[in-house]
Amino acid sequence: MFVKQATVSAPVNIACIKYWGKRNESLILPTNSSLSITLSQDHLCSTTTSRTCSEYEENLLWLNGTQVNIDNDKRLSTCLRAMKKQRERYEANHPNEPKISQWKVHICSENNFPTAAGLASSASGFAALAYSLAHLYDLPLSNPADISELSLNARQGSGSACRSLFGGFVEWQMGRDDDHGSDSRAVQVVDHTFWPEMHALICIVSDDKKGTSSTAGMQRTVETSALFQYRIQHVEEQLEDIKQAISKKDFDTFAKITMQDSNQFHAVALDTDPPIFYMNDVSRAIIAVVTEYNRVSIAAGGKRKAAYTFDAGPNATLSRIPFLNEVIEGALVHGFNSAVAKRHEVGAVKGLIHTCVGDGPRVLGDEHALFDANGKPKQKSKQ
């Protein structure tokens with residue numbers, strides 16, 4: 001029996017200029033371009049093994065131990081169909097290759113961080129899915145243009161997944177092709193070695209599943225928020241400004257724009273009818289600590305030393321230059337000074353993950369495969 005499999009890992013990304021709102025729901029075409037930082041896979045990643053053989057009868061996925069029939073999930077099946085079509089084209093040009101595009105697949109995927117808690121789990125997950133299938137199907141991945149092409153497929157699983165196919169700082173270009181989405185793709189702004197001083201501190205406030213999913217939330221925002229219309233008219237200018245700041249390693253400007261965009265995103269969520277609350281009191285206390293820390297620095301003649309951003313959840317990501325921010329970590333670990341922010345007990349921030357800018361997806365050896373020799377999900381996974 002001929003069996004083929006590929007195992008990869010893919011990173012989490014944190015958006016500095018947020019993606020929120022689609023102009024085409026079925027193609028997942030955004031209303032604005034966005035930009036993110038790819039975080040190190042040494043701390044946060046999704047690992048995926050894709051496996052195929054002629055005897056499989058169903059397309060199945062095991063996600064963190066839960067079995068899913070891929071054909072019953074719209075986004076999974078859309079992404080898989082797109083990858084199979086690319087493999088079909090490859091087989092047409094290589095007639096001696098096995099016709100594995102017609103075979104069913106079994107896929108096992110695991111995150112080493114909480115799923116659906118505002119940590120871009122769907123982004124890393126669908127990026128790992130697309131990248132593992134690309135290797136399974138021997139698709140070209142040797143240059144940035146190939147990765148950008150692959151991002152078109154990852155995007156159809158989860159919009160922000162396209163950004164997790166590159167390391168460093170990554171832009172998802174909204175594109176103008178509303179009929180097919182052929183130009184809505186990810187491109188790398190700079191790679192992960194460009195700004196090694198840039199670190200990130202993820203503050204785990206809650207690992208509970210969020211009350212309003214990103215998919216449902218952004219659709220409601222598009223339909224009901226007046227502030228949203230203002231945002232999409234001005235966000236492209238912010239995007240260009242932050243790209244300039246990155247190219248100059250201008251952390252002060254980078255921090256200002258990142259925090260403004262986060263605030264604007266959550267203002268738009270609150271302006272949605274009914275309003276969407278992703279942050280909580282601890283989230284707002286983190287904002288107060290960072291704001292005061294920067295205020296003191298600027299008052300002393302310096303510049304901003306830290307930036308917060310919140311995706312669709314209560315957990316914060318703080319961008320920073322590593323040796324400057326011990327005071328922030330102290331405040332988060334030991335509680336908050338009531339003169340700056342509402343007092344919270346020790347443990348309000350449940351955990352800190354100190355990480356840095358990271359590379360794009362990695363191909364892993366068979367020793368990292370999530371299936372055993374018999375094709376069964378390994379111990380971590382269960383049906």
# chains A, B, ... in the order shown; residues from 1 in each chain; ligands from 1

call {"tool": "residues_around", "arguments": {"residues": "segment 53-56 of chain A", "least_positions_apart": "4", "cutoff": "12 Å", "atoms": "only C-alpha atoms", "output": "ChimeraX atom specification"}}
result
/A:1-5,60,98-107,136,374-375

call {"tool": "select_by_dssp", "arguments": {"residues": "segment 190-364 of chain A", "states": "strand (DSSP E or B)", "output": "list in words"}}
result
Val190, His199, Ala200, Leu201, Ile202, Cys203, Ile204, Ala306, Ala307, Tyr308, Thr309, Phe310, Ala316, Thr317, Leu318, Ser319, Arg320, Gly351, Leu352, Ile353, His354, Thr355, Cys356, Val357, Arg362, Val363 and Leu364 of chain A

call {"tool": "closest_atom_pairs", "arguments": {"of": "segment 24-72 of chain A", "to": "segment 252-268 of chain A", "cutoff": "12 Å", "atoms": "only C-alpha atoms", "output": "CSV"}}
result
residue,atom,partner,partner_atom,distance
A:Ser34,CA,A:Asp261,CA,10.5
A:Leu35,CA,A:Thr258,CA,10.0
A:Ser36,CA,A:Thr258,CA,10.0
A:Ile37,CA,A:Thr258,CA,11.1

call {"tool": "write_last_selection", "arguments": {"atoms": "N, CA, C and O atoms", "output": "PDB file, in the first residue's frame"}}
result
ATOM      1  N   SER A  34      -4.116  44.427   5.664  1.00  0.00           N
ATOM      2  CA  SER A  34      -3.713  44.309   7.067  1.00  0.00           C
ATOM      3  C   SER A  34      -2.232  43.959   7.139  1.00  0.00           C
ATOM      4  O   SER A  34      -1.614  43.593   6.142  1.00  0.00           O
ATOM      5  N   LEU A  35      -1.687  44.067   8.345  1.00  0.00           N
ATOM      6  CA  LEU A  35      -0.261  43.790   8.535  1.00  0.00           C
ATOM      7  C   LEU A  35      -0.060  43.137   9.890  1.00  0.00           C
ATOM      8  O   LEU A  35      -0.694  43.522  10.877  1.00  0.00           O
ATOM      9  N   SER A  36       0.826  42.154   9.928  1.00  0.00           N
ATOM     10  CA  SER A  36       1.020  41.404  11.170  1.00  0.00           C
ATOM     11  C   SER A  36       2.490  41.096  11.419  1.00  0.00           C
ATOM     12  O   SER A  36       3.335  41.181  10.525  1.00  0.00           O
ATOM     13  N   ILE A  37       2.759  40.724  12.677  1.00  0.00           N
ATOM     14  CA  ILE A  37       4.057  40.192  13.086  1.00  0.00           C
ATOM     15  C   ILE A  37       3.907  38.684  13.236  1.00  0.00           C
ATOM     16  O   ILE A  37       2.989  38.206  13.911  1.00  0.00           O
TER      17      ILE A  37
END

call {"tool": "closest_residue", "arguments": {"among": "A:Val189, A:Phe371, A:Ser225, A:Asn111", "to": "Ile242 of chain A", "atoms": "only C-alpha atoms"}}
result
A:Val189

call {"tool": "closest_residue", "arguments": {"among": "A:Arg295, A:Arg220, A:Arg320, A:His94", "to": "Cys356 of chain A", "atoms": "only C-alpha atoms"}}
result
A:Arg320

call {"tool": "select_by_dssp", "arguments": {"residues": "segment 111-281 of chain A", "states": "helix (DSSP H, G or I)", "output": "PyMOL selection string"}}
result
chain A and resi 121-136+144-155+159-165+214-224+226-248+251-271+281

call {"tool": "closest_residue", "arguments": {"among": "A:Asp359, A:Glu197, A:Asp207, A:Glu110", "to": "Arg163 of chain A", "atoms": "only C-alpha atoms"}}
result
A:Asp359

call {"tool": "closest_residue", "arguments": {"among": "A:Ser319, A:Ser121, A:Thr355, A:Asn143", "to": "His43 of chain A", "atoms": "only C-alpha atoms"}}
result
A:Thr355

call {"tool": "closest_residue", "arguments": {"among": "A:Ala128, A:Val170, A:Ala92, A:Leu150", "to": "His192 of chain A", "atoms": "only C-alpha atoms"}}
result
A:Val170

call {"tool": "atom_distance", "arguments": {"atom1": "atom CA of Arg304 of chain A", "atom2": "atom CA of Lys18 of chain A"}}
result
20.8 Å

call {"tool": "closest_residue", "arguments": {"among": "A:Cys16, A:Val235, A:Ala245, A:Ala269", "to": "Ser33 of chain A", "atoms": "only C-alpha atoms"}}
result
A:Val235

call {"tool": "atom_distance", "arguments": {"atom1": "atom CA of Glu171 of chain A", "atom2": "atom CA of Gly211 of chain A"}}
result
27.9 Å

call {"tool": "residues_around", "arguments": {"residues": "Arg362 of chain A", "least_positions_apart": "2", "cutoff": "8 Å", "atoms": "only C-alpha atoms", "output": "list in words"}}
result
Val8, Ser9, Ala10, Gly360 and Leu364 of chain A

call {"tool": "residues_around", "arguments": {"residues": "segment 273-290 of chain A", "least_positions_apart": "6", "cutoff": "6 Å", "atoms": "only C-alpha atoms", "output": "PyMOL selection string"}}
result
chain A and resi 224+312-314+341

call {"tool": "write_last_selection", "arguments": {"atoms": "C-alpha atoms", "output": "short mmCIF file (atom, residue, chain, number, x, y, z; two decimals), in the first residue's frame"}}
result
data_model
loop_
_atom_site.label_atom_id
_atom_site.label_comp_id
_atom_site.auth_asym_id
_atom_site.auth_seq_id
_atom_site.Cartn_x
_atom_site.Cartn_y
_atom_site.Cartn_z
CA THR A 224 -24.38 47.79 11.48
CA ALA A 312 -10.73 39.46 19.00
CA GLY A 313 -10.28 38.42 22.62
CA PRO A 314 -9.12 39.69 26.02
CA ALA A 341 -5.14 51.04 36.87
#
